[in-house]
Every structure is written in C-alpha cells, then in structure tokens.
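Dumped upload.tsv below, it's TSV, C-alpha atoms:
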```
chain	number	residue	atom	x	y	z
A	138	MET	CA	23.18	10.11	6.00
A	139	LEU	CA	22.79	6.51	4.86
A	140	CYS	CA	25.80	4.75	3.38
A	141	PHE	CA	25.28	2.30	0.51
A	142	LYS	CA	28.04	1.25	-1.87
A	143	LYS	CA	25.62	0.59	-4.74
A	144	PRO	CA	22.25	1.94	-5.88
A	145	VAL	CA	18.95	1.02	-4.26
A	146	LEU	CA	16.34	-0.14	-6.77
A	147	ILE	CA	12.69	0.86	-6.31
A	148	THR	CA	10.00	-0.80	-8.37
A	149	GLY	CA	6.87	1.30	-8.82
A	150	ILE	CA	8.89	4.47	-8.40
A	151	THR	CA	6.17	6.62	-9.98
A	152	GLY	CA	3.65	5.45	-7.37
A	153	PHE	CA	2.67	7.08	-4.09
A	154	ILE	CA	4.95	5.16	-1.74
A	155	GLY	CA	7.72	4.60	-4.29
A	156	GLY	CA	7.98	8.29	-5.16
A	157	HIS	CA	8.10	9.46	-1.54
A	158	LEU	CA	10.65	6.79	-0.71
A	159	ALA	CA	12.88	7.84	-3.61
A	160	GLU	CA	12.82	11.45	-2.44
A	161	ARG	CA	13.73	10.48	1.13
A	162	LEU	CA	16.61	8.27	-0.03
A	163	LEU	CA	17.93	11.07	-2.22
A	164	ARG	CA	17.93	13.41	0.79
A	165	GLU	CA	19.89	10.76	2.67
A	166	GLY	CA	22.55	10.74	-0.03
A	167	VAL	CA	21.60	7.33	-1.48
A	168	SER	CA	21.99	6.52	-5.17
A	169	VAL	CA	18.50	5.56	-6.39
A	170	ARG	CA	17.40	3.62	-9.45
A	171	GLY	CA	13.78	3.13	-10.42
A	172	ILE	CA	11.77	0.94	-12.78
A	173	ALA	CA	8.95	2.72	-14.59
A	174	ARG	CA	6.56	1.45	-17.26
A	175	ARG	CA	6.11	5.07	-18.36
A	176	PRO	CA	9.46	6.83	-17.81
A	177	ASP	CA	7.98	10.22	-18.71
A	178	GLU	CA	6.00	10.08	-15.45
A	179	ALA	CA	9.30	9.92	-13.56
A	180	ALA	CA	10.77	13.02	-15.22
A	181	SER	CA	10.83	15.04	-11.98
A	182	LEU	CA	12.69	12.26	-10.17
A	183	ALA	CA	15.12	11.87	-13.07
A	184	ALA	CA	15.82	15.61	-12.90
A	185	ARG	CA	16.81	15.15	-9.25
A	186	GLY	CA	19.27	12.38	-10.01
A	187	VAL	CA	17.25	9.15	-9.98
A	188	GLU	CA	18.29	6.71	-12.69
A	189	ILE	CA	15.09	5.65	-14.44
A	190	ILE	CA	14.98	2.32	-16.28
A	191	ALA	CA	12.08	1.65	-18.63
A	192	GLY	CA	10.65	-1.70	-17.64
A	193	ASP	CA	7.68	-3.82	-16.67
A	194	LEU	CA	7.37	-6.44	-13.93
A	195	LEU	CA	6.22	-8.96	-16.54
A	196	ASP	CA	9.20	-8.26	-18.84
A	197	GLU	CA	11.99	-10.34	-17.31
A	198	ALA	CA	14.77	-8.87	-19.46
A	199	SER	CA	14.02	-5.29	-18.38
A	200	ILE	CA	13.80	-6.37	-14.73
A	201	VAL	CA	17.23	-8.01	-14.83
A	202	ARG	CA	18.66	-4.96	-16.57
A	203	ALA	CA	17.29	-2.69	-13.84
A	204	THR	CA	18.42	-4.90	-10.96
A	205	ALA	CA	22.00	-5.43	-12.12
A	206	GLY	CA	24.50	-3.66	-9.87
A	207	CYS	CA	21.97	-2.78	-7.14
A	208	GLN	CA	22.65	-3.44	-3.47
A	209	MET	CA	19.03	-3.47	-2.27
A	210	VAL	CA	15.59	-3.79	-3.87
A	211	ILE	CA	12.39	-2.25	-2.54
A	212	HIS	CA	9.44	-3.76	-4.34
A	213	THR	CA	6.55	-1.28	-4.14
A	214	ALA	CA	5.02	-1.93	-7.58
A	215	GLY	CA	1.80	-3.86	-7.99
A	216	TRP	CA	-1.91	-3.79	-8.65
A	217	THR	CA	-3.60	-2.21	-5.63
A	218	GLY	CA	-7.28	-2.55	-6.48
A	219	GLY	CA	-9.93	-1.25	-8.85
A	220	ASP	CA	-11.52	-2.74	-11.93
A	221	LYS	CA	-9.53	-1.20	-14.78
A	222	ALA	CA	-7.09	-4.04	-15.43
A	223	PRO	CA	-8.21	-7.47	-16.68
A	224	HIS	CA	-8.46	-10.15	-13.98
A	225	GLU	CA	-5.49	-12.14	-15.29
A	226	LEU	CA	-3.27	-9.05	-15.46
A	227	ARG	CA	-4.10	-8.07	-11.88
A	228	TRP	CA	-3.00	-11.44	-10.54
A	229	SER	CA	0.06	-11.73	-12.76
A	230	THR	CA	1.23	-8.22	-11.84
A	231	ASN	CA	1.21	-9.00	-8.12
A	232	VAL	CA	2.34	-12.62	-8.24
A	233	GLU	CA	4.30	-13.27	-11.45
A	234	GLY	CA	5.73	-9.76	-11.26
A	235	THR	CA	7.01	-10.46	-7.75
A	236	ALA	CA	8.47	-13.78	-8.91
A	237	ASN	CA	10.31	-11.98	-11.71
A	238	ILE	CA	11.86	-9.30	-9.51
A	239	LEU	CA	12.84	-11.93	-6.92
A	240	SER	CA	14.55	-13.99	-9.62
A	241	ALA	CA	16.42	-10.95	-10.89
A	242	ALA	CA	17.45	-9.98	-7.36
A	243	LYS	CA	18.81	-13.45	-6.74
A	244	THR	CA	20.70	-13.51	-10.04
A	245	CYS	CA	22.21	-10.09	-9.36
A	246	GLY	CA	23.25	-10.83	-5.77
A	247	VAL	CA	21.01	-8.30	-4.04
A	248	GLU	CA	21.77	-8.08	-0.30
A	249	ARG	CA	18.24	-7.31	0.92
A	250	PHE	CA	14.79	-7.52	-0.66
A	251	VAL	CA	12.12	-5.32	0.94
A	252	HIS	CA	8.64	-6.32	-0.18
A	253	ILE	CA	5.65	-4.02	0.24
A	254	SER	CA	2.63	-6.17	1.02
A	255	SER	CA	-0.60	-5.12	2.78
A	256	ILE	CA	-2.62	-5.67	5.95
A	257	ALA	CA	-5.20	-7.15	3.53
A	258	VAL	CA	-3.38	-10.49	3.95
A	259	TYR	CA	-5.01	-10.94	7.38
A	260	GLY	CA	-8.28	-11.63	5.59
A	261	LEU	CA	-11.41	-12.11	7.72
A	262	ASN	CA	-9.68	-11.98	11.10
A	263	ASN	CA	-11.92	-10.37	13.77
A	264	ALA	CA	-9.33	-10.10	16.55
A	265	PRO	CA	-9.36	-6.72	18.35
A	266	LEU	CA	-5.60	-6.40	17.78
A	267	ILE	CA	-3.87	-8.09	14.86
A	268	ASP	CA	-0.14	-8.72	14.84
A	269	GLU	CA	2.28	-10.41	12.47
A	270	SER	CA	2.03	-13.81	14.18
A	271	MET	CA	-1.51	-14.33	12.94
A	272	ALA	CA	-2.50	-16.56	10.03
A	273	THR	CA	-2.99	-15.22	6.50
A	274	PRO	CA	-5.44	-17.65	4.84
A	275	PHE	CA	-6.70	-17.21	1.29
A	276	VAL	CA	-10.19	-15.64	1.16
A	277	ASP	CA	-11.14	-16.13	-2.51
A	278	GLU	CA	-10.75	-12.46	-3.47
A	279	LEU	CA	-8.11	-11.35	-5.90
A	280	TYR	CA	-6.35	-8.52	-4.09
A	281	PRO	CA	-5.71	-10.12	-0.66
A	282	ASP	CA	-5.03	-13.53	-2.20
A	283	SER	CA	-2.50	-12.10	-4.66
A	284	LYS	CA	-0.67	-10.33	-1.82
A	285	ILE	CA	-0.62	-13.54	0.23
A	286	ALA	CA	0.75	-15.50	-2.75
A	287	ALA	CA	3.43	-12.85	-3.34
A	288	GLU	CA	4.49	-12.97	0.31
A	289	LEU	CA	4.93	-16.74	0.11
A	290	LEU	CA	7.20	-16.28	-2.91
A	291	VAL	CA	9.34	-13.80	-0.98
A	292	ILE	CA	9.58	-16.00	2.12
A	293	ASN	CA	10.60	-19.04	0.06
A	294	SER	CA	12.96	-17.19	-2.29
A	295	GLY	CA	16.17	-17.84	-0.36
A	296	LEU	CA	16.91	-14.10	-0.40
A	297	PRO	CA	17.46	-11.99	2.73
A	298	TYR	CA	14.04	-10.32	2.90
A	299	VAL	CA	11.83	-7.96	4.86
A	300	ILE	CA	8.07	-7.89	4.34
A	301	VAL	CA	6.26	-4.67	5.21
A	302	ARG	CA	2.47	-4.58	5.59
A	303	PRO	CA	1.16	-1.00	5.36
A	304	ALA	CA	-2.44	-0.16	6.22
A	305	ALA	CA	-4.50	2.77	4.84
A	306	THR	CA	-1.61	4.94	3.67
A	307	TYR	CA	-2.58	8.56	3.00
A	308	GLY	CA	-1.03	11.99	2.62
A	309	PRO	CA	0.25	14.42	-0.02
A	310	ARG	CA	0.13	12.89	-3.53
A	311	GLY	CA	-1.88	9.95	-2.21
A	312	GLY	CA	-4.35	8.11	-4.40
A	313	GLY	CA	-7.12	5.87	-3.07
A	314	TRP	CA	-6.92	6.95	0.56
A	315	THR	CA	-6.45	10.66	-0.26
A	316	VAL	CA	-7.58	12.11	-3.59
A	317	GLY	CA	-9.80	9.08	-4.09
A	318	VAL	CA	-11.73	9.84	-0.89
A	319	ILE	CA	-12.23	13.48	-1.86
A	320	GLU	CA	-13.56	12.43	-5.28
A	321	GLN	CA	-15.92	9.90	-3.68
A	322	ILE	CA	-17.38	12.58	-1.43
A	323	LYS	CA	-17.75	15.02	-4.32
A	324	HIS	CA	-19.73	12.38	-6.21
A	325	GLY	CA	-22.20	11.62	-3.41
A	326	PHE	CA	-20.44	9.17	-1.15
A	327	CYS	CA	-22.64	7.48	1.48
A	328	LEU	CA	-21.61	6.11	4.84
A	329	GLN	CA	-22.48	2.45	5.40
A	330	GLY	CA	-24.81	2.49	8.40
A	331	LEU	CA	-22.94	3.81	11.42
A	332	ASP	CA	-19.65	3.03	9.66
A	333	SER	CA	-18.14	2.16	13.01
A	334	GLY	CA	-15.61	-0.29	11.56
A	335	LEU	CA	-11.99	0.61	12.21
A	336	VAL	CA	-9.41	1.87	9.77
A	337	THR	CA	-5.76	1.90	10.82
A	338	THR	CA	-4.19	4.76	8.93
A	339	GLY	CA	-0.58	5.27	7.94
A	340	TYR	CA	0.56	8.82	7.22
A	341	ILE	CA	3.04	8.64	4.35
A	342	ASP	CA	6.00	10.09	6.26
A	343	ASN	CA	5.49	7.52	9.04
A	344	VAL	CA	5.38	4.69	6.51
A	345	ILE	CA	8.57	5.92	4.83
A	346	ASP	CA	10.29	6.04	8.25
A	347	GLY	CA	9.35	2.39	8.68
A	348	LEU	CA	10.62	1.46	5.22
A	349	LEU	CA	13.99	3.05	5.92
A	350	LEU	CA	14.26	0.89	9.05
A	351	ALA	CA	13.29	-2.17	7.00
A	352	LEU	CA	16.02	-1.30	4.54
A	353	THR	CA	18.79	-0.62	7.04
A	354	HIS	CA	18.16	-2.26	10.43
A	355	LYS	CA	20.04	-5.53	11.03
A	356	SER	CA	17.17	-6.98	13.07
A	357	ALA	CA	14.70	-6.45	10.22
A	358	LEU	CA	16.08	-9.30	8.10
A	359	ASN	CA	13.74	-12.22	7.45
A	360	ASN	CA	10.96	-10.55	9.41
A	361	ILE	CA	7.47	-9.23	8.72
A	362	PHE	CA	6.22	-5.89	10.07
A	363	ASN	CA	2.95	-3.98	10.18
A	364	ILE	CA	3.98	-0.41	9.37
A	365	CYS	CA	1.23	2.11	10.04
A	366	ASP	CA	0.07	4.62	12.63
A	367	ALA	CA	-0.33	3.78	16.29
A	368	HIS	CA	-4.11	4.25	16.58
A	369	ALA	CA	-7.16	3.23	14.55
A	370	ILE	CA	-10.19	5.45	13.94
A	371	THR	CA	-13.66	4.66	12.65
A	372	TYR	CA	-14.43	4.85	8.96
A	373	ARG	CA	-17.05	7.49	9.84
A	374	GLU	CA	-14.43	9.76	11.37
A	375	PHE	CA	-11.98	9.04	8.55
A	376	TYR	CA	-14.43	10.08	5.83
A	377	LEU	CA	-15.84	13.00	7.80
A	378	SER	CA	-12.31	14.35	8.24
A	379	TYR	CA	-12.09	14.66	4.46
A	380	ALA	CA	-15.70	15.90	4.13
A	381	ARG	CA	-14.94	18.81	6.45
A	382	MET	CA	-12.20	19.92	4.06
A	383	LEU	CA	-15.02	20.42	1.54
A	384	GLY	CA	-17.16	22.31	4.03
A	385	ILE	CA	-19.41	19.29	4.66
A	386	ASN	CA	-20.14	18.46	8.30
A	387	ASP	CA	-22.15	15.29	7.74
A	388	LEU	CA	-22.56	12.63	5.07
A	389	PRO	CA	-25.62	10.69	3.91
A	390	SER	CA	-25.91	7.17	5.26
A	391	ARG	CA	-27.07	3.97	3.56
A	392	PRO	CA	-28.88	1.53	5.91
A	393	GLU	CA	-26.52	-1.24	6.94
A	394	TRP	CA	-29.05	-3.96	6.00
A	395	ARG	CA	-28.78	-2.82	2.37
A	396	VAL	CA	-25.02	-3.28	2.49
A	397	TRP	CA	-25.34	-6.87	3.70
A	398	LEU	CA	-28.12	-7.50	1.19
A	399	SER	CA	-25.54	-6.83	-1.52
A	400	ARG	CA	-24.04	-10.20	-0.60
A	401	SER	CA	-27.28	-12.08	-1.37
A	402	LYS	CA	-27.61	-14.48	-4.31
A	403	PHE	CA	-30.16	-12.17	-5.94
A	404	ALA	CA	-27.81	-9.18	-5.68
A	405	GLY	CA	-24.97	-11.29	-7.06
A	406	TRP	CA	-27.11	-12.28	-10.04
A	407	GLY	CA	-27.99	-8.64	-10.69
A	408	ARG	CA	-24.38	-7.49	-10.57
A	409	ARG	CA	-23.38	-10.25	-13.00
A	410	MET	CA	-26.12	-9.15	-15.40
A	411	LEU	CA	-24.82	-5.60	-15.24
A	412	GLY	CA	-21.19	-6.70	-15.65
A	413	ARG	CA	-20.27	-5.32	-12.24
A	414	GLN	CA	-17.79	-6.80	-9.77
A	415	LEU	CA	-19.31	-9.02	-7.08
A	416	VAL	CA	-19.09	-7.90	-3.46
A	417	GLY	CA	-16.95	-10.48	-1.65
A	418	SER	CA	-16.78	-11.45	2.01
A	419	TRP	CA	-13.39	-9.80	2.47
A	420	THR	CA	-14.57	-6.54	0.86
A	421	LEU	CA	-17.41	-6.21	3.38
A	422	HIS	CA	-15.23	-7.36	6.26
A	423	PHE	CA	-12.66	-4.72	5.40
A	424	ARG	CA	-15.30	-1.99	5.64
A	425	PHE	CA	-16.80	-3.25	8.92
A	426	ASN	CA	-13.45	-4.35	10.31
A	427	PRO	CA	-13.40	-4.44	14.15
A	428	SER	CA	-9.61	-4.73	14.34
A	429	GLN	CA	-6.62	-2.50	14.86
A	430	TYR	CA	-3.22	-3.52	13.48
A	431	SER	CA	-0.42	-3.72	16.01
A	432	ILE	CA	2.95	-2.04	15.45
A	433	GLU	CA	4.52	-3.43	18.62
A	434	HIS	CA	6.78	-5.82	16.69
A	435	ALA	CA	8.28	-2.94	14.69
A	436	ARG	CA	8.51	-0.81	17.82
A	437	ASN	CA	10.30	-3.48	19.83
A	438	LEU	CA	12.65	-4.79	17.13
A	439	LEU	CA	13.32	-1.70	15.00
A	440	GLY	CA	12.51	1.23	17.24
A	441	TYR	CA	9.77	2.31	14.86
A	442	GLU	CA	7.59	5.12	16.18
A	443	PRO	CA	5.08	7.10	14.09
A	444	LYS	CA	5.95	10.78	14.48
A	445	VAL	CA	2.93	12.32	12.74
A	446	ASP	CA	-0.48	11.76	14.39
A	447	PHE	CA	-3.78	11.68	12.49
A	448	ARG	CA	-4.71	15.29	13.23
A	449	GLU	CA	-1.39	16.64	11.96
A	450	GLY	CA	-1.36	14.21	9.04
A	451	MET	CA	-4.77	15.42	7.90
A	452	ARG	CA	-3.70	19.04	8.30
A	453	ARG	CA	-0.73	18.46	5.99
A	454	THR	CA	-2.90	16.46	3.61
A	455	GLU	CA	-5.50	19.22	3.41
A	456	GLU	CA	-2.79	21.78	2.75
A	457	TRP	CA	-1.54	19.71	-0.20
A	458	LEU	CA	-5.05	18.98	-1.54
A	459	ARG	CA	-5.91	22.69	-1.47
A	460	ALA	CA	-2.65	23.75	-3.09
A	461	ASN	CA	-3.15	21.24	-5.90
A	462	GLY	CA	-6.73	22.12	-6.80
A	463	HIS	CA	-8.55	19.19	-5.21
A	464	LEU	CA	-10.45	21.43	-2.79
A	465	PRO	CA	-12.44	24.63	-3.50
```

The structure in this file should be written as structure tokens.
Amino acid sequence: MLCFKKPVLITGITGFIGGHLAERLLREGVSVRGIARRPDEAASLAARGVEIIAGDLLDEASIVRATAGCQMVIHTAGWTGGDKAPHELRWSTNVEGTANILSAAKTCGVERFVHISSIAVYGLNNAPLIDESMATPFVDELYPDSKIAAELLVINSGLPYVIVRPAATYGPRGGGWTVGVIEQIKHGFCLQGLDSGLVTTGYIDNVIDGLLLALTHKSALNNIFNICDAHAITYREFYLSYARMLGINDLPSRPEWRVWLSRSKFAGWGRRMLGRQLVGSWTLHFRFNPSQYSIEHARNLLGYEPKVDFREGMRRTEEWLRANGHLP
C-alpha cells in the first residue's frame, strides 16, 4: 500500500490513462482527487471514493481550487489529436493548460508534478533506438510541438517534476489505439504499402506501473522517462492483430507512392480546397517510423519492467472489446 498524507490530484481523470491510474491508486489506499470538465462522466469513480472537482485547464480559478491541499499532481489531461477542436483551443489546452496547472501546483506547494507527455516529442528522429537524451526539436505540427512546449514549461517551472513519455498506449477502455483501430478497420482501413514502420506499444497496465514509479520513486525526480513496452512491432502486425479479432486475416493495401504523393504541393492545394487537414512531415514519419523507443533509463533508475507482453495485452484487449460490444 502507498502512503500519502494528502490527496493525489489527477487532471483528465475521465480519460483512458487518468481513469486507470485513479483505479490503481484507490486499490493502493491513496486518496484521489480528479478534475473533470464533465463531472457526470466521472460518476463511477466518484461512487468509488474519488473526489471530483468540476474544472477546466483554461479556468485558472477551478484549477487552483482542485489543487489546494494535494500532495502530488499527475497531469494527464490534454488534446491528443484529431480535428474536432479549433486549432487555437488545441494548442492552448496543451500549453496554456499546462502552464495553469503548474502555476496552481506551485502556489499550493505540491511536492511532485508528474507530467504525461508523448514520444511524439522526438519528431523526425530516424535513430534505430531512441532514448531520453535525444533532442526534441519543433517540427511545425501542432500535436508534437504543443507537447514539446508543455515539457519546456514543466522543466523550467521550478517544481520537482517527472516527465513521462508514453508511446502507443492501448488496452481495455482505450481510445485511438484500441476502439479507434477497430472502427478504422470496420470502415475500410488500408495499410500503407508494406506498413513496415515500427510502433512501440504500451499496454495500459504497464504504463500505469511506470506512472506509479514516477509518482513514488526518489530517483524519478527531475527526470524524463519513456514508459512503454519493451519491444516494437510493425504497423502491419499491429493492425492485423486487431483485424483478426474481427475475423479478417488480411487488409487492403494502398501503394506507398500514393502516401508520399499526399505530401505534394498539388495534394496540399486539394486538401485546402476541401477544408481537410494537411499531411505534415511528422505525420508521415510517425507512420513509417524506423525507430524503437528505449526503456533502459526507466529500467536502470526506477526498476521499471513491463509485465504484460503484446500477445497477452491483445488477448485482454480483445476480451474487453468483445464484452463491450465492439466486436461481433
């Protein structure tokens, strides 16, 4: 059992990582408080003893109210991709929102600030193995650049911090890397050429194990960690693993030259005319990524070790997807 004298605050508590983290902390006997823009979505957590504070990252008063009296903050909230939110709101959520929660944490004397970032900050790096010592340059795309900017705010905040960079986090109740993949396949998803780029997965229970170490381990302070699984797989195998859950043994493939053509000036003009988002360099790089993300730093300093491998993680994920009506 973990021993904290005061509550731990989780931003984004209704999200995939935030919700799983709250449940694990409750099992460890920790008093948990959460910020939620829509408190009704946190009803099940509230019923289990989580104190839910109605608030928004861009509403400074509600953030201070939620942070007051908390010992630790785990900042999981943020815009994670997609086109639904206006451009300005996406950036402000990830950057101004982080600035607001950092300010509140400093005002309220929080002892440790754990910030959930992303491996997206490594940008266009083609190294076979990417670790935390590598540069994180801006790439002129909103999501990775906003995560880089938020990290810089955390590092320069003066607070005791830990930055965690998850990879493709999946598992029960997962969104983009779980239910989102199933929905893509149902709606005619195509592989991109051979789709031999690498995806480093992170089964949700493994990621939560890493977050608990970030929250509690003395050596974690003022450090940055990749927290994901130990081995990368190809995008082809990743998507086919989900396709097989639907009884599909192969997926259609779009010629790779057409993918790269989408970066041409003509294609860019066409997408603008149709009001569609342009395909950026980082977006294509991410799909054809030749890199694996190293967890050796977390292993050596924190003793982090992923317990659930990809095969078992997908088995548990399929079980949840089937039980919740996402599979026939």

### Task
Could you check which of A:Ile285, A:Val291, A:Leu458, A:Ala241 is closest to Ile319 in chain A, using only C-alpha atoms?
A:Leu458

Any chance you could tabulate, as JSON lines, the residues of range 304-391 of chain A at most 7 Å from range 151-159 of chain A with each one's nearest atom pair and distance in Å to one decimal, using all atoms listed in the file, in chain and rising number order?
```
{"residue": "A:Arg310", "atom": "CA", "partner": "A:Phe153", "partner_atom": "CA", "distance": 6.4}
{"residue": "A:Gly311", "atom": "CA", "partner": "A:Phe153", "partner_atom": "CA", "distance": 5.7}
{"residue": "A:Ile345", "atom": "CA", "partner": "A:Leu158", "partner_atom": "CA", "distance": 6.0}
```

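Between CA of Glu320 in chain A and CA of Gly347 in chain A the separation is 28.6 Å.
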
### Summary
Using only C-alpha atoms, the shortest atom-to-atom distance to Leu350 in chain A among A:Glu269, A:Glu442, A:Asp332, A:Glu197 belongs to A:Glu442

What are the closest atom pairs, with distances in Å to one decimal, for each residue of range 211-274 of chain A lying within 8 Å of range 171-194 of chain A, using all atoms listed in the file, rows by chain and rising residue number, as a Markdown table?
```
| residue | atom | partner | partner_atom | distance |
| --- | --- | --- | --- | --- |
| A:Thr230 | CA | A:Leu194 | CA | 6.7 |
| A:Glu233 | CA | A:Leu194 | CA | 7.9 |
| A:Gly234 | CA | A:Leu194 | CA | 4.6 |
| A:Thr235 | CA | A:Leu194 | CA | 7.4 |
| A:Asn237 | CA | A:Leu194 | CA | 6.7 |
| A:Ile238 | CA | A:Leu194 | CA | 6.9 |
```

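Distance annotation: of A:Tyr379, A:Arg436, A:Leu195, A:Ile267, the residue with the minimal separation from Gly317 in chain A is A:Tyr379; atom set is only C-alpha atoms.
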
### Task
Show which residues sit within 6 Å of range 292-302 of chain A, as a ChimeraX atom specification. Count only C-alpha atoms, and ignore same-chain residues fewer than 3 positions away.
/A:249-256,289,358-364

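Nearest residue to Arg453 in chain A among A:Thr420, A:Gly308, A:Ala286, A:Leu266 is A:Gly308, counting only C-alpha atoms.
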
### Query
If you count all atoms listed in the file, which residues fall within 8 Å of Cys245 in chain A, apart from same-chain ones fewer than 2 positions away, as a list in words?
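Answer for this query is Val201, Thr204, Ala205, Gly206, Cys207, Ala241, Ala242, Lys243 and Val247 of chain A.
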
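Coordinates place CA of Asp268 in chain A at a distance of 20.4 Å from CA of Leu349 in chain A.
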
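Counting all atoms listed in the file and comparing A:Cys327, A:Val258, A:Ala351, A:Leu163, the residue that lies closest to Asp277 in chain A is A:Val258.
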
## Note on the structure
Judged by only C-alpha atoms, the minimum distance to Leu377 in chain A among A:Leu328, A:Ala357, A:Ala272, A:Ile341 is found for A:Leu328

Your completed range 150-169 of chain A with N, CA and C atoms, as a PDB file, in the coordinates of the input:
```
ATOM      1  N   ILE A 150       8.349   3.200  -8.893  1.00  0.00           N
ATOM      2  CA  ILE A 150       8.890   4.470  -8.400  1.00  0.00           C
ATOM      3  C   ILE A 150       7.997   5.660  -8.713  1.00  0.00           C
ATOM      4  N   THR A 151       7.095   5.517  -9.682  1.00  0.00           N
ATOM      5  CA  THR A 151       6.170   6.620  -9.980  1.00  0.00           C
ATOM      6  C   THR A 151       4.924   6.568  -9.104  1.00  0.00           C
ATOM      7  N   GLY A 152       4.805   5.559  -8.250  1.00  0.00           N
ATOM      8  CA  GLY A 152       3.650   5.450  -7.370  1.00  0.00           C
ATOM      9  C   GLY A 152       3.790   6.296  -6.119  1.00  0.00           C
ATOM     10  N   PHE A 153       2.747   6.265  -5.306  1.00  0.00           N
ATOM     11  CA  PHE A 153       2.670   7.080  -4.090  1.00  0.00           C
ATOM     12  C   PHE A 153       3.802   6.770  -3.120  1.00  0.00           C
ATOM     13  N   ILE A 154       3.905   5.533  -2.696  1.00  0.00           N
ATOM     14  CA  ILE A 154       4.950   5.160  -1.740  1.00  0.00           C
ATOM     15  C   ILE A 154       6.323   5.183  -2.394  1.00  0.00           C
ATOM     16  N   GLY A 155       6.429   4.648  -3.612  1.00  0.00           N
ATOM     17  CA  GLY A 155       7.720   4.600  -4.290  1.00  0.00           C
ATOM     18  C   GLY A 155       8.321   5.973  -4.516  1.00  0.00           C
ATOM     19  N   GLY A 156       7.488   6.936  -4.912  1.00  0.00           N
ATOM     20  CA  GLY A 156       7.980   8.290  -5.160  1.00  0.00           C
ATOM     21  C   GLY A 156       8.464   8.972  -3.894  1.00  0.00           C
ATOM     22  N   HIS A 157       7.683   8.864  -2.818  1.00  0.00           N
ATOM     23  CA  HIS A 157       8.100   9.460  -1.540  1.00  0.00           C
ATOM     24  C   HIS A 157       9.366   8.810  -1.011  1.00  0.00           C
ATOM     25  N   LEU A 158       9.461   7.497  -1.174  1.00  0.00           N
ATOM     26  CA  LEU A 158      10.650   6.790  -0.710  1.00  0.00           C
ATOM     27  C   LEU A 158      11.884   7.241  -1.480  1.00  0.00           C
ATOM     28  N   ALA A 159      11.752   7.389  -2.790  1.00  0.00           N
ATOM     29  CA  ALA A 159      12.880   7.840  -3.610  1.00  0.00           C
ATOM     30  C   ALA A 159      13.372   9.206  -3.149  1.00  0.00           C
ATOM     31  N   GLU A 160      12.441  10.110  -2.881  1.00  0.00           N
ATOM     32  CA  GLU A 160      12.820  11.450  -2.440  1.00  0.00           C
ATOM     33  C   GLU A 160      13.544  11.405  -1.095  1.00  0.00           C
ATOM     34  N   ARG A 161      13.075  10.577  -0.182  1.00  0.00           N
ATOM     35  CA  ARG A 161      13.730  10.480   1.130  1.00  0.00           C
ATOM     36  C   ARG A 161      15.139   9.898   0.991  1.00  0.00           C
ATOM     37  N   LEU A 162      15.289   8.864   0.160  1.00  0.00           N
ATOM     38  CA  LEU A 162      16.610   8.270  -0.030  1.00  0.00           C
ATOM     39  C   LEU A 162      17.577   9.267  -0.672  1.00  0.00           C
ATOM     40  N   LEU A 163      17.073  10.047  -1.608  1.00  0.00           N
ATOM     41  CA  LEU A 163      17.930  11.070  -2.220  1.00  0.00           C
ATOM     42  C   LEU A 163      18.425  12.059  -1.170  1.00  0.00           C
ATOM     43  N   ARG A 164      17.534  12.471  -0.273  1.00  0.00           N
ATOM     44  CA  ARG A 164      17.930  13.410   0.790  1.00  0.00           C
ATOM     45  C   ARG A 164      18.956  12.797   1.725  1.00  0.00           C
ATOM     46  N   GLU A 165      18.927  11.462   1.825  1.00  0.00           N
ATOM     47  CA  GLU A 165      19.890  10.760   2.670  1.00  0.00           C
ATOM     48  C   GLU A 165      21.187  10.449   1.941  1.00  0.00           C
ATOM     49  N   GLY A 166      21.313  10.926   0.714  1.00  0.00           N
ATOM     50  CA  GLY A 166      22.550  10.740  -0.030  1.00  0.00           C
ATOM     51  C   GLY A 166      22.690   9.391  -0.707  1.00  0.00           C
ATOM     52  N   VAL A 167      21.564   8.669  -0.882  1.00  0.00           N
ATOM     53  CA  VAL A 167      21.600   7.330  -1.480  1.00  0.00           C
ATOM     54  C   VAL A 167      21.414   7.432  -2.989  1.00  0.00           C
ATOM     55  N   SER A 168      22.164   6.627  -3.718  1.00  0.00           N
ATOM     56  CA  SER A 168      21.990   6.520  -5.170  1.00  0.00           C
ATOM     57  C   SER A 168      20.747   5.668  -5.437  1.00  0.00           C
ATOM     58  N   VAL A 169      19.787   6.215  -6.190  1.00  0.00           N
ATOM     59  CA  VAL A 169      18.500   5.560  -6.390  1.00  0.00           C
ATOM     60  C   VAL A 169      18.279   5.247  -7.862  1.00  0.00           C
TER      61      VAL A 169
END
```
